[in-house]
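A.B. asks: Quick one: the structure is below, questions incoming.
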Number of protein chains: 2
Amino acid sequence: MSKHGDGQIGVVAGLVRSAFLVNAVYAESSREYGITSQQGQLLCVLMAQPYGMGELGAMLGLAKSSVTGLVDRTERNGLVRREPDLQDTRAVRVALTPQGSKLAEEFYADTCRRIEKLPAGLSADERDTLASLLGRIVMDNKVPAVFMELDKGTSSARRQ
Amino acid sequence: MSKHGDGQIGVVAGLVRSAFLVNAVYAESSREYGITSQQGQLLCVLMAQPYGMGELGAMLGLAKSSVTGLVDRTERNGLVRREPDLQDTRAVRVALTPQGSKLAEEFYADTCRRIEKLPAGLSADERDTLASLLGRIVMDNKVPAVFMELDKGTSSARRQ
DNA sequence: GCCCGATAGTTCGTGTCACGAATCACGGCT
DNA sequence: AGCCGTGATTCGTGACACGAACTATCGGGC
């Protein structure tokens, strides 16, 4: 029952294809805001708080030199800023500029809106179930906080 | 109940972070097979059947010139081949070479194995539920078949 | 106080990737 | 035959990612 044959696909394909979908949304959204998806991702990470280069590399899964380049380009666009770390002269804190902060808010909100549309065909209960299952996968696999949590609930928990 | 506050995250964050996870798996898997994730994705698409350049662009969401480049590099690696389209002299069919086919099988199987490990903390029933929900999202949003379907079942139907 | 290994970041060179604009060549219609 | 749409390539540009080599500081041991 509920095997295959009908339109049913497996977990693996489901995960891969939904990831593909999310990537596409991210790319499209970034493009509209005049940034690349990598820079968009960087901005989203920095919305929570400033981070050092090493931390960023760990969170984004990038080599140090890649982070340097990414921050370079984003800094050139005026969206982030390197601030000296007061505790450690070697280290650097990467933080959003006011402009970057503004753009990040808008980009983040817009991207959320688009992603939220993906499961439009699901009922509120189903979305909750999905959120719960994905949440466990994410927790189990210790995904870094590459994407902030909305303060407001998903579909249930609509108020407060 | 089961709102937030505990480790619960929203659908949006769940989708984004699980996508991040899948991307990481794809990247790591590709790397081990000496290819890039884009080339790996191309191979996976071509496992089903040969495609024209235009079709590939549509499936992968790439501009035509991007496809030309990707196929160029992959061809240079001996994994795919451009064959003339018998119906249309202008057109080209991109197909796997024997070597590419072999690598694609291995890469695909290995990647599947890794992705399947992601929801290891979920019961068989939960995996089925997840597959079903993701399947509907994928269907509703008309995701191209960027990833083949396993002939064998998902988590239920594991035996036989 | 000095030395030395570990740590934080940058620089540099290379290759991949994606794109738009321009171009070429053929298909198919009128 | 003449034209326009389509399939694909070329070219130039910029972003991205990486490893290796390098600089500068930190921190612990002596």
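Naming works like this for the structure tokens: A, B, ... for the chains as they're shown, residue 1 at the start of each chain, ligands 1 onward in shown order.
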Could you do a least-squares fit of chain A on chain B over every C-alpha atom, in sequence order, and give the output as a short mmCIF file (atom, residue, chain, number, x, y, z; two decimals) with N, CA and C atoms, in the first residue's frame?
C.D. replies:
data_model
loop_
_atom_site.label_atom_id
_atom_site.label_comp_id
_atom_site.auth_asym_id
_atom_site.auth_seq_id
_atom_site.Cartn_x
_atom_site.Cartn_y
_atom_site.Cartn_z
N MET A 1 -0.01 24.46 21.38
CA MET A 1 0.69 23.18 21.47
C MET A 1 1.62 22.95 20.31
N SER A 2 2.67 22.26 20.61
CA SER A 2 3.66 21.94 19.59
C SER A 2 4.01 23.16 18.73
N LYS A 3 4.08 24.26 19.39
CA LYS A 3 4.37 25.49 18.65
C LYS A 3 5.84 25.66 18.40
N HIS A 4 6.40 26.37 19.31
CA HIS A 4 7.77 26.79 19.23
C HIS A 4 8.34 26.66 20.61
N GLY A 5 9.43 27.33 20.82
CA GLY A 5 9.93 27.37 22.18
C GLY A 5 10.77 26.15 22.49
N ASP A 6 10.23 25.00 22.20
CA ASP A 6 11.06 23.81 22.32
C ASP A 6 11.98 23.78 21.10
N GLY A 7 12.48 22.66 20.73
CA GLY A 7 13.42 22.63 19.61
C GLY A 7 12.73 22.76 18.27
N GLN A 8 11.47 23.07 18.29
CA GLN A 8 10.65 23.07 17.08
C GLN A 8 11.02 24.21 16.13
N ILE A 9 11.13 23.89 14.87
CA ILE A 9 11.37 24.94 13.90
C ILE A 9 10.23 24.97 12.90
N GLY A 10 10.18 26.03 12.11
CA GLY A 10 9.08 26.17 11.17
C GLY A 10 9.31 25.40 9.88
N VAL A 11 8.28 25.34 9.06
CA VAL A 11 8.40 24.63 7.79
C VAL A 11 9.46 25.28 6.92
N VAL A 12 9.43 26.61 6.90
CA VAL A 12 10.36 27.33 6.03
C VAL A 12 11.79 27.02 6.40
N ALA A 13 12.12 27.20 7.67
CA ALA A 13 13.48 26.92 8.11
C ALA A 13 13.82 25.45 7.88
N GLY A 14 12.86 24.60 8.11
CA GLY A 14 13.09 23.17 7.90
C GLY A 14 13.45 22.87 6.46
N LEU A 15 12.70 23.46 5.56
CA LEU A 15 12.98 23.24 4.14
C LEU A 15 14.35 23.80 3.76
N VAL A 16 14.61 25.02 4.20
CA VAL A 16 15.88 25.64 3.83
C VAL A 16 17.06 24.88 4.39
N ARG A 17 16.96 24.51 5.63
CA ARG A 17 18.11 23.85 6.24
C ARG A 17 18.29 22.44 5.74
N SER A 18 17.20 21.75 5.48
CA SER A 18 17.38 20.40 4.94
C SER A 18 17.95 20.49 3.52
N ALA A 19 17.58 21.53 2.81
CA ALA A 19 18.16 21.75 1.48
C ALA A 19 19.66 21.98 1.61
N PHE A 20 20.01 22.75 2.59
CA PHE A 20 21.43 23.01 2.85
C PHE A 20 22.17 21.70 3.09
N LEU A 21 21.51 20.84 3.85
CA LEU A 21 22.07 19.53 4.17
C LEU A 21 22.27 18.69 2.91
N VAL A 22 21.25 18.67 2.10
CA VAL A 22 21.32 17.90 0.87
C VAL A 22 22.41 18.45 -0.05
N ASN A 23 22.50 19.75 -0.12
CA ASN A 23 23.56 20.35 -0.93
C ASN A 23 24.94 19.91 -0.46
N ALA A 24 25.10 19.91 0.83
CA ALA A 24 26.39 19.53 1.39
C ALA A 24 26.72 18.08 1.04
N VAL A 25 25.73 17.22 1.16
CA VAL A 25 25.93 15.82 0.81
C VAL A 25 26.33 15.69 -0.65
N TYR A 26 25.60 16.38 -1.47
CA TYR A 26 25.87 16.35 -2.91
C TYR A 26 27.30 16.80 -3.19
N ALA A 27 27.69 17.88 -2.56
CA ALA A 27 29.02 18.43 -2.78
C ALA A 27 30.09 17.46 -2.33
N GLU A 28 29.90 16.89 -1.16
CA GLU A 28 30.89 15.97 -0.63
C GLU A 28 30.99 14.73 -1.50
N SER A 29 29.84 14.22 -1.87
CA SER A 29 29.81 13.02 -2.68
C SER A 29 30.49 13.26 -4.03
N SER A 30 30.17 14.35 -4.65
CA SER A 30 30.78 14.68 -5.94
C SER A 30 32.29 14.74 -5.81
N ARG A 31 32.69 15.44 -4.80
CA ARG A 31 34.13 15.62 -4.60
C ARG A 31 34.85 14.29 -4.55
N GLU A 32 34.25 13.34 -3.87
CA GLU A 32 34.91 12.04 -3.75
C GLU A 32 35.00 11.32 -5.08
N TYR A 33 34.12 11.66 -5.97
CA TYR A 33 34.16 11.00 -7.27
C TYR A 33 34.90 11.84 -8.30
N GLY A 34 35.53 12.88 -7.83
CA GLY A 34 36.37 13.67 -8.71
C GLY A 34 35.60 14.53 -9.70
N ILE A 35 34.34 14.81 -9.38
CA ILE A 35 33.56 15.68 -10.25
C ILE A 35 32.96 16.81 -9.42
N THR A 36 32.40 17.78 -10.07
CA THR A 36 31.73 18.85 -9.36
C THR A 36 30.26 18.44 -9.17
N SER A 37 29.58 19.12 -8.29
CA SER A 37 28.20 18.72 -8.04
C SER A 37 27.34 19.00 -9.27
N GLN A 38 27.69 20.03 -10.03
CA GLN A 38 26.93 20.30 -11.25
C GLN A 38 27.07 19.16 -12.24
N GLN A 39 28.30 18.69 -12.38
CA GLN A 39 28.52 17.58 -13.29
C GLN A 39 27.84 16.33 -12.77
N GLY A 40 27.86 16.16 -11.46
CA GLY A 40 27.16 15.03 -10.87
C GLY A 40 25.68 15.09 -11.16
N GLN A 41 25.13 16.27 -11.05
CA GLN A 41 23.72 16.44 -11.32
C GLN A 41 23.41 16.15 -12.79
N LEU A 42 24.29 16.61 -13.65
CA LEU A 42 24.11 16.34 -15.08
C LEU A 42 24.12 14.83 -15.33
N LEU A 43 25.04 14.15 -14.74
CA LEU A 43 25.12 12.71 -14.93
C LEU A 43 23.83 12.03 -14.47
N CYS A 44 23.34 12.46 -13.32
CA CYS A 44 22.12 11.86 -12.77
C CYS A 44 20.93 12.06 -13.71
N VAL A 45 20.87 13.25 -14.28
CA VAL A 45 19.78 13.51 -15.22
C VAL A 45 19.88 12.61 -16.44
N LEU A 46 21.11 12.45 -16.92
CA LEU A 46 21.31 11.68 -18.14
C LEU A 46 21.19 10.17 -17.93
N MET A 47 21.15 9.76 -16.68
CA MET A 47 20.99 8.32 -16.42
C MET A 47 19.67 7.82 -16.98
N ALA A 48 18.68 8.68 -16.95
CA ALA A 48 17.37 8.27 -17.42
C ALA A 48 17.36 8.09 -18.93
N GLN A 49 17.94 9.03 -19.62
CA GLN A 49 17.97 9.01 -21.08
C GLN A 49 18.76 10.19 -21.59
N PRO A 50 19.17 10.18 -22.86
CA PRO A 50 19.86 11.34 -23.43
C PRO A 50 18.89 12.52 -23.58
N TYR A 51 19.43 13.70 -23.55
CA TYR A 51 18.62 14.91 -23.70
C TYR A 51 19.32 15.89 -24.62
N GLY A 52 18.55 16.77 -25.20
CA GLY A 52 19.13 17.85 -25.99
C GLY A 52 19.59 18.97 -25.07
N MET A 53 20.37 19.87 -25.61
CA MET A 53 20.91 20.96 -24.80
C MET A 53 19.78 21.81 -24.22
N GLY A 54 18.82 22.10 -25.05
CA GLY A 54 17.71 22.93 -24.60
C GLY A 54 16.94 22.27 -23.46
N GLU A 55 16.69 20.99 -23.61
CA GLU A 55 15.99 20.27 -22.56
C GLU A 55 16.77 20.30 -21.25
N LEU A 56 18.06 20.11 -21.38
CA LEU A 56 18.90 20.13 -20.18
C LEU A 56 18.81 21.48 -19.48
N GLY A 57 18.86 22.52 -20.27
CA GLY A 57 18.74 23.86 -19.70
C GLY A 57 17.44 24.02 -18.93
N ALA A 58 16.37 23.52 -19.52
CA ALA A 58 15.07 23.63 -18.87
C ALA A 58 15.03 22.83 -17.57
N MET A 59 15.56 21.63 -17.61
CA MET A 59 15.52 20.78 -16.42
C MET A 59 16.38 21.32 -15.30
N LEU A 60 17.56 21.77 -15.66
CA LEU A 60 18.50 22.21 -14.63
C LEU A 60 18.32 23.67 -14.27
N GLY A 61 17.49 24.35 -15.04
CA GLY A 61 17.28 25.77 -14.76
C GLY A 61 18.47 26.62 -15.14
N LEU A 62 19.09 26.30 -16.26
CA LEU A 62 20.28 27.04 -16.68
C LEU A 62 20.06 27.71 -18.02
N ALA A 63 20.80 28.79 -18.27
CA ALA A 63 20.79 29.43 -19.57
C ALA A 63 21.50 28.53 -20.57
N LYS A 64 21.21 28.73 -21.83
CA LYS A 64 21.77 27.82 -22.83
C LYS A 64 23.29 27.83 -22.82
N SER A 65 23.85 29.02 -22.68
CA SER A 65 25.31 29.10 -22.72
C SER A 65 25.92 28.38 -21.52
N SER A 66 25.19 28.38 -20.43
CA SER A 66 25.70 27.67 -19.25
C SER A 66 25.73 26.18 -19.50
N VAL A 67 24.70 25.70 -20.18
CA VAL A 67 24.65 24.28 -20.49
C VAL A 67 25.80 23.90 -21.42
N THR A 68 26.02 24.74 -22.41
CA THR A 68 27.13 24.46 -23.32
C THR A 68 28.43 24.27 -22.54
N GLY A 69 28.68 25.19 -21.64
CA GLY A 69 29.91 25.12 -20.85
C GLY A 69 29.96 23.87 -20.00
N LEU A 70 28.86 23.58 -19.33
CA LEU A 70 28.83 22.41 -18.44
C LEU A 70 29.06 21.13 -19.22
N VAL A 71 28.37 21.01 -20.35
CA VAL A 71 28.55 19.82 -21.18
C VAL A 71 29.97 19.77 -21.73
N ASP A 72 30.50 20.92 -22.11
CA ASP A 72 31.89 20.98 -22.58
C ASP A 72 32.84 20.35 -21.56
N ARG A 73 32.75 20.84 -20.36
CA ARG A 73 33.68 20.38 -19.33
C ARG A 73 33.48 18.91 -19.02
N THR A 74 32.20 18.51 -18.97
CA THR A 74 31.93 17.10 -18.65
C THR A 74 32.38 16.20 -19.79
N GLU A 75 32.23 16.72 -20.99
CA GLU A 75 32.68 15.95 -22.15
C GLU A 75 34.20 15.82 -22.14
N ARG A 76 34.86 16.88 -21.76
CA ARG A 76 36.32 16.88 -21.68
C ARG A 76 36.79 15.82 -20.69
N ASN A 77 35.95 15.58 -19.68
CA ASN A 77 36.30 14.55 -18.69
C ASN A 77 35.92 13.15 -19.18
N GLY A 78 35.36 13.09 -20.36
CA GLY A 78 35.05 11.78 -20.94
C GLY A 78 33.79 11.13 -20.38
N LEU A 79 32.94 11.92 -19.76
CA LEU A 79 31.77 11.33 -19.11
C LEU A 79 30.51 11.39 -19.96
N VAL A 80 30.43 12.39 -20.82
CA VAL A 80 29.28 12.48 -21.71
C VAL A 80 29.77 12.68 -23.14
N ARG A 81 28.85 12.60 -24.05
CA ARG A 81 29.20 12.68 -25.46
C ARG A 81 28.07 13.40 -26.18
N ARG A 82 28.43 14.22 -27.14
CA ARG A 82 27.41 14.87 -27.97
C ARG A 82 27.17 14.00 -29.18
N GLU A 83 25.94 13.58 -29.35
CA GLU A 83 25.60 12.79 -30.53
C GLU A 83 24.66 13.59 -31.40
N PRO A 84 24.81 13.44 -32.72
CA PRO A 84 23.93 14.19 -33.62
C PRO A 84 22.50 13.70 -33.49
N ASP A 85 21.58 14.63 -33.58
CA ASP A 85 20.16 14.26 -33.57
C ASP A 85 19.76 13.92 -35.01
N LEU A 86 19.23 12.73 -35.17
CA LEU A 86 18.93 12.27 -36.53
C LEU A 86 17.77 13.02 -37.16
N GLN A 87 16.86 13.49 -36.33
CA GLN A 87 15.70 14.20 -36.86
C GLN A 87 16.03 15.67 -37.17
N ASP A 88 16.99 16.21 -36.44
CA ASP A 88 17.25 17.65 -36.54
C ASP A 88 18.75 17.89 -36.57
N THR A 89 19.21 18.39 -37.71
CA THR A 89 20.65 18.57 -37.89
C THR A 89 21.24 19.59 -36.91
N ARG A 90 20.41 20.55 -36.55
CA ARG A 90 20.92 21.57 -35.64
C ARG A 90 21.16 21.00 -34.26
N ALA A 91 20.26 20.12 -33.87
CA ALA A 91 20.21 19.66 -32.48
C ALA A 91 21.27 18.63 -32.15
N VAL A 92 21.41 18.39 -30.89
CA VAL A 92 22.42 17.50 -30.35
C VAL A 92 21.80 16.68 -29.23
N ARG A 93 22.18 15.44 -29.12
CA ARG A 93 21.75 14.63 -28.00
C ARG A 93 22.95 14.43 -27.09
N VAL A 94 22.78 14.75 -25.85
CA VAL A 94 23.87 14.52 -24.91
C VAL A 94 23.62 13.20 -24.22
N ALA A 95 24.58 12.30 -24.30
CA ALA A 95 24.42 10.98 -23.70
C ALA A 95 25.65 10.63 -22.87
N LEU A 96 25.46 9.72 -21.95
CA LEU A 96 26.57 9.24 -21.13
C LEU A 96 27.48 8.35 -21.96
N THR A 97 28.77 8.48 -21.78
CA THR A 97 29.70 7.51 -22.34
C THR A 97 29.67 6.29 -21.42
N PRO A 98 30.23 5.16 -21.85
CA PRO A 98 30.30 4.00 -20.96
C PRO A 98 30.94 4.37 -19.62
N GLN A 99 32.02 5.09 -19.70
CA GLN A 99 32.70 5.53 -18.47
C GLN A 99 31.80 6.42 -17.62
N GLY A 100 31.13 7.32 -18.29
CA GLY A 100 30.22 8.22 -17.57
C GLY A 100 29.07 7.46 -16.96
N SER A 101 28.61 6.47 -17.66
CA SER A 101 27.50 5.68 -17.17
C SER A 101 27.90 4.93 -15.90
N LYS A 102 29.08 4.37 -15.95
CA LYS A 102 29.59 3.64 -14.78
C LYS A 102 29.72 4.58 -13.59
N LEU A 103 30.35 5.72 -13.85
CA LEU A 103 30.54 6.67 -12.76
C LEU A 103 29.21 7.17 -12.23
N ALA A 104 28.28 7.40 -13.14
CA ALA A 104 26.98 7.90 -12.74
C ALA A 104 26.28 6.91 -11.81
N GLU A 105 26.33 5.64 -12.18
CA GLU A 105 25.70 4.61 -11.34
C GLU A 105 26.27 4.65 -9.93
N GLU A 106 27.59 4.66 -9.87
CA GLU A 106 28.24 4.62 -8.57
C GLU A 106 27.94 5.88 -7.78
N PHE A 107 28.09 6.99 -8.46
CA PHE A 107 27.85 8.27 -7.79
C PHE A 107 26.41 8.35 -7.29
N TYR A 108 25.51 7.96 -8.14
CA TYR A 108 24.09 8.01 -7.78
C TYR A 108 23.80 7.11 -6.58
N ALA A 109 24.29 5.89 -6.64
CA ALA A 109 24.03 4.94 -5.55
C ALA A 109 24.63 5.46 -4.24
N ASP A 110 25.84 5.95 -4.34
CA ASP A 110 26.52 6.42 -3.15
C ASP A 110 25.81 7.63 -2.57
N THR A 111 25.43 8.53 -3.42
CA THR A 111 24.74 9.73 -2.95
C THR A 111 23.41 9.34 -2.30
N CYS A 112 22.70 8.41 -2.91
CA CYS A 112 21.45 7.94 -2.32
C CYS A 112 21.69 7.39 -0.94
N ARG A 113 22.72 6.60 -0.83
CA ARG A 113 23.03 5.99 0.45
C ARG A 113 23.24 7.06 1.52
N ARG A 114 23.96 8.10 1.13
CA ARG A 114 24.23 9.17 2.09
C ARG A 114 22.97 9.95 2.45
N ILE A 115 22.20 10.23 1.45
CA ILE A 115 20.98 11.01 1.71
C ILE A 115 20.04 10.20 2.57
N GLU A 116 20.03 8.92 2.34
CA GLU A 116 19.15 8.05 3.11
C GLU A 116 19.53 8.07 4.58
N LYS A 117 20.76 8.37 4.84
CA LYS A 117 21.21 8.40 6.24
C LYS A 117 20.71 9.63 6.97
N LEU A 118 20.37 10.65 6.24
CA LEU A 118 19.96 11.88 6.90
C LEU A 118 18.76 11.68 7.82
N PRO A 119 17.71 11.01 7.34
CA PRO A 119 16.56 10.80 8.22
C PRO A 119 16.70 9.52 9.02
N ALA A 120 17.91 9.21 9.45
CA ALA A 120 18.15 7.96 10.17
C ALA A 120 17.39 7.93 11.50
N GLY A 121 17.18 9.11 12.05
CA GLY A 121 16.51 9.16 13.35
C GLY A 121 15.00 8.98 13.25
N LEU A 122 14.51 8.83 12.04
CA LEU A 122 13.06 8.70 11.87
C LEU A 122 12.67 7.23 11.72
N SER A 123 11.48 6.92 12.20
CA SER A 123 10.98 5.56 12.05
C SER A 123 10.56 5.33 10.60
N ALA A 124 10.32 4.10 10.26
CA ALA A 124 9.92 3.79 8.89
C ALA A 124 8.63 4.51 8.53
N ASP A 125 7.71 4.54 9.45
CA ASP A 125 6.45 5.23 9.19
C ASP A 125 6.67 6.71 8.98
N GLU A 126 7.51 7.27 9.80
CA GLU A 126 7.77 8.70 9.67
C GLU A 126 8.44 9.02 8.34
N ARG A 127 9.34 8.15 7.95
CA ARG A 127 10.00 8.37 6.65
C ARG A 127 8.98 8.31 5.52
N ASP A 128 8.05 7.39 5.66
CA ASP A 128 7.01 7.30 4.63
C ASP A 128 6.17 8.57 4.59
N THR A 129 5.83 9.05 5.77
CA THR A 129 5.05 10.27 5.84
C THR A 129 5.82 11.42 5.20
N LEU A 130 7.08 11.52 5.56
CA LEU A 130 7.92 12.57 5.01
C LEU A 130 7.99 12.46 3.50
N ALA A 131 8.21 11.27 3.02
CA ALA A 131 8.30 11.05 1.57
C ALA A 131 7.01 11.49 0.89
N SER A 132 5.91 11.15 1.52
CA SER A 132 4.63 11.50 0.94
C SER A 132 4.43 13.02 0.88
N LEU A 133 4.77 13.69 1.96
CA LEU A 133 4.59 15.14 2.01
C LEU A 133 5.52 15.83 1.02
N LEU A 134 6.78 15.43 1.02
CA LEU A 134 7.73 16.03 0.09
C LEU A 134 7.32 15.73 -1.35
N GLY A 135 6.83 14.52 -1.54
CA GLY A 135 6.38 14.13 -2.87
C GLY A 135 5.30 15.06 -3.38
N ARG A 136 4.39 15.41 -2.50
CA ARG A 136 3.32 16.30 -2.94
C ARG A 136 3.85 17.69 -3.25
N ILE A 137 4.77 18.15 -2.44
CA ILE A 137 5.37 19.47 -2.72
C ILE A 137 6.05 19.45 -4.08
N VAL A 138 6.80 18.39 -4.29
CA VAL A 138 7.53 18.27 -5.54
C VAL A 138 6.58 18.23 -6.74
N MET A 139 5.52 17.44 -6.58
CA MET A 139 4.53 17.34 -7.66
C MET A 139 3.86 18.69 -7.89
N ASP A 140 3.40 19.29 -6.82
CA ASP A 140 2.68 20.56 -6.93
C ASP A 140 3.52 21.62 -7.61
N ASN A 141 4.81 21.56 -7.38
CA ASN A 141 5.67 22.60 -7.93
C ASN A 141 6.39 22.17 -9.20
N LYS A 142 6.00 21.02 -9.69
CA LYS A 142 6.53 20.56 -10.97
C LYS A 142 8.05 20.62 -11.06
N VAL A 143 8.69 19.99 -10.10
CA VAL A 143 10.14 19.92 -10.14
C VAL A 143 10.54 18.95 -11.24
N PRO A 144 11.45 19.35 -12.10
CA PRO A 144 11.93 18.43 -13.12
C PRO A 144 12.61 17.23 -12.47
N ALA A 145 12.71 16.16 -13.21
CA ALA A 145 13.25 14.91 -12.68
C ALA A 145 14.76 15.00 -12.57
N VAL A 146 15.22 15.87 -11.70
CA VAL A 146 16.65 16.04 -11.55
C VAL A 146 17.28 14.88 -10.82
N PHE A 147 16.44 14.06 -10.25
CA PHE A 147 16.98 12.92 -9.52
C PHE A 147 16.08 11.74 -9.77
N MET A 148 16.65 10.69 -10.28
CA MET A 148 15.86 9.52 -10.61
C MET A 148 15.23 8.90 -9.37
N GLU A 149 14.26 8.08 -9.64
CA GLU A 149 13.61 7.37 -8.56
C GLU A 149 14.28 6.02 -8.37
N LEU A 150 14.50 5.66 -7.13
CA LEU A 150 15.00 4.31 -6.86
C LEU A 150 13.90 3.34 -7.22
N ASP A 151 14.25 2.23 -7.83
CA ASP A 151 13.23 1.25 -8.16
C ASP A 151 12.74 0.57 -6.90
N LYS A 152 13.67 0.37 -5.98
CA LYS A 152 13.25 -0.26 -4.74
C LYS A 152 12.55 0.79 -3.86
N GLY A 153 11.72 0.29 -2.97
CA GLY A 153 10.94 1.19 -2.13
C GLY A 153 11.82 1.96 -1.18
N THR A 154 11.17 2.76 -0.38
CA THR A 154 11.90 3.59 0.56
C THR A 154 12.20 2.83 1.82
N SER A 155 11.22 2.74 2.66
CA SER A 155 11.44 2.05 3.91
C SER A 155 10.39 0.97 4.04
N SER A 156 9.20 1.36 3.75
CA SER A 156 8.18 0.34 3.58
C SER A 156 8.45 -0.23 2.19
N ALA A 157 7.67 -1.11 1.71
CA ALA A 157 7.87 -1.64 0.36
C ALA A 157 9.28 -2.17 0.21
N ARG A 158 9.77 -2.77 1.26
CA ARG A 158 11.16 -3.19 1.21
C ARG A 158 11.39 -4.33 0.23
N ARG A 159 10.34 -5.11 0.00
CA ARG A 159 10.59 -6.22 -0.92
C ARG A 159 9.88 -5.97 -2.24
N GLN A 160 10.46 -6.51 -3.24
CA GLN A 160 9.81 -6.49 -4.56
C GLN A 160 9.88 -5.14 -5.21
#
A.B. asks: Kindly determine which residues of chain C lie within 8 Å of chain A, considering only C-alpha atoms (C1' of nucleotides), and give the answer as a tab-separated table (two decimals) with C-alpha atoms (C1' of nucleotides), in the first residue's frame.
C.D. replies:
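Wrote out-v2.tsv, looks like this:
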chain	number	residue	atom	x	y	z
C	8	DA	C1'	43.07	33.69	12.46
C	9	DG	C1'	43.17	35.63	8.11
C	10	DT	C1'	44.98	36.96	3.63
A.B. asks: Can you work out which residues from chain D touch chain B at a cut-off of 8 Å (counting only C-alpha atoms (C1' of nucleotides)) and hand them back as a ChimeraX atom specification?
C.D. replies: /D:7-9
A.B. asks: Quick one: residues within 12 Å of stretch 2-6 of chain C, only C-alpha atoms (C1' of nucleotides), excluding same-chain residues fewer than 2 positions away - as a CSV table (one decimal) with N, CA and C atoms (P, O5', C5', C4', C3', O3' and C1' of nucleotides), in the first residue's frame?
C.D. replies:
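The file below, result.csv, is the result:
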chain,number,residue,atom,x,y,z
C,8,DA,P,41.3,30.1,15.6
C,8,DA,O5',41.8,31.4,14.8
C,8,DA,C5',41.9,32.6,15.5
C,8,DA,C4',41.9,33.8,14.5
C,8,DA,C3',40.9,33.7,13.4
C,8,DA,O3',40.3,35.0,13.1
C,8,DA,C1',43.1,33.7,12.5
D,25,DT,P,50.7,41.7,14.5
D,25,DT,O5',50.1,40.9,15.7
D,25,DT,C5',48.7,40.7,15.8
D,25,DT,C4',48.4,39.4,16.4
D,25,DT,C3',48.7,39.3,17.9
D,25,DT,O3',47.4,39.3,18.5
D,25,DT,C1',49.2,37.3,16.6
D,26,DC,P,47.3,39.4,20.1
D,26,DC,O5',47.2,37.9,20.5
D,26,DC,C5',46.3,37.1,19.8
D,26,DC,C4',46.3,35.7,20.4
D,26,DC,C3',46.5,35.6,21.9
D,26,DC,O3',45.5,34.8,22.4
D,26,DC,C1',48.1,34.3,20.7
D,27,DG,P,45.3,34.8,24.0
D,27,DG,O5',46.0,33.5,24.4
D,27,DG,C5',46.0,32.4,23.5
D,27,DG,C4',47.0,31.3,24.1
D,27,DG,C3',47.3,31.3,25.6
D,27,DG,O3',47.3,30.0,26.1
D,27,DG,C1',49.3,31.4,24.4
D,28,DG,P,47.2,29.8,27.7
D,28,DG,O5',48.3,28.7,27.8
D,28,DG,C5',48.4,27.6,26.8
D,28,DG,C4',49.7,27.0,26.8
D,28,DG,C3',50.3,26.7,28.2
D,28,DG,O3',50.9,25.4,28.2
D,28,DG,C1',51.8,28.0,26.9
D,29,DG,P,51.4,24.8,29.6
D,29,DG,O5',52.9,24.7,29.3
D,29,DG,C5',53.4,24.0,28.1
D,29,DG,C4',54.9,24.3,28.0
D,29,DG,C3',55.7,24.0,29.3
D,29,DG,O3',56.9,23.3,28.9
D,29,DG,C1',56.2,26.2,28.6
D,30,DC,P,57.7,22.5,30.0
D,30,DC,O5',59.0,23.3,30.1
D,30,DC,C5',59.7,23.7,28.9
D,30,DC,C4',60.7,24.8,29.3
D,30,DC,C3',61.4,24.6,30.6
D,30,DC,O3',62.8,24.3,30.5
D,30,DC,C1',60.7,26.9,30.2
A.B. asks: Could you give me, as a PyMOL selection string, each residue of chain A that DSSP assigns to helix (DSSP H, G or I) when run on this structure's backbone?
C.D. replies: chain A and resi 11-32+37-48+53-60+64-76+98-121+124-140
A.B. asks: For the strand (DSSP E or B) assignment from backbone DSSP, which residues of stretch 24-152 of chain B qualify? Please present them as a count of residues only.
C.D. replies: 11
A.B. asks: Enter the distance from atom C1' of C:DG27 to atom C1' of D:DG2, in Å, rounded to one decimal.
C.D. replies: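 So the two atoms, atom C1' of C:DG27 and atom C1' of D:DG2, lie 13.6 Å apart.
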